[in-house]
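What follows is a single structure, written as structure tokens, with notes after it.
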Amino acid sequence: MSIDEILEEMDELLDKASSVPFASHKKVIDGERMRELINDVRLNMPHELKEAKKIEFDCQRILNEAKLNADNIIHKAEERAAQIVSREAIVTEAKKKAIDMLTKAQAASKNLQKNAAESVAKMLNDTEMHYSRNLQSIKTVKAKLASATGTQQNGGTNGNPGGMNGMNDMSGVNSVRNNMNINVK
């Protein structure tokens, strides 16, 4: 029996049923027969309806799983994005610190070079001044030596350089030593 036939029989059962007194819209039917027809409908329900119910259940299950997976993916993506942003912030901060350190190192290097150049210039000036004084003292002693020996500064007598007439005249040498504060032992 097909569903349509069963439904037709149910309809006939209702048409043939007698009405309840004082309630024409209510009918008295054979309950046992009605139960048999309902069971027949359930048994003869088309396979497609059963499949549709199964598909609907599967769809709901798949949608729930998809929502759960989507929530997990979003959560992981948010965590990953936070890590990337954190790494980028660290890299940016490190670059800033590196640039700051490099700038300070360059400034310190320039300052060190400047101080070294100034120090070397001062030492050279001091050395030049010291040697100038010594040169002046040497010229003065040389002039005194020349006048004491009676010779010219650049020339000598009898082929002796410095104008000394032999090694016996030590008085000029001693006066040079005294003027230059040289102690010979």
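By convention in this document, the chains of the structure tokens carry letters A, B, ... by their order, each chain's residues are numbered from 1, and ligands are numbered from 1 in the order they are shown.
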Run DSSP on the backbone and give me the residues of stretch 18-172 of chain A it puts in strand (DSSP E), as a PyMOL selection string.
chain A and resi 18-20+23-28
Which parts of chain A does DSSP call helix (DSSP H, G or I) when run on the backbone here, written out as a ChimeraX atom specification?
/A:3-16,31-43,47-149,161-163,171-180
Separation of atom CA of A:Glu8 from atom CA of A:Pro46 in Å:
16.5 Å
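With atom CA of A:Leu14 on one side and atom CA of A:Asp30 on the other, the separation reads 9.3 Å.
Take atom CA of A:Ile74 and atom CA of A:Val91: the distance between them is 25.3 Å.
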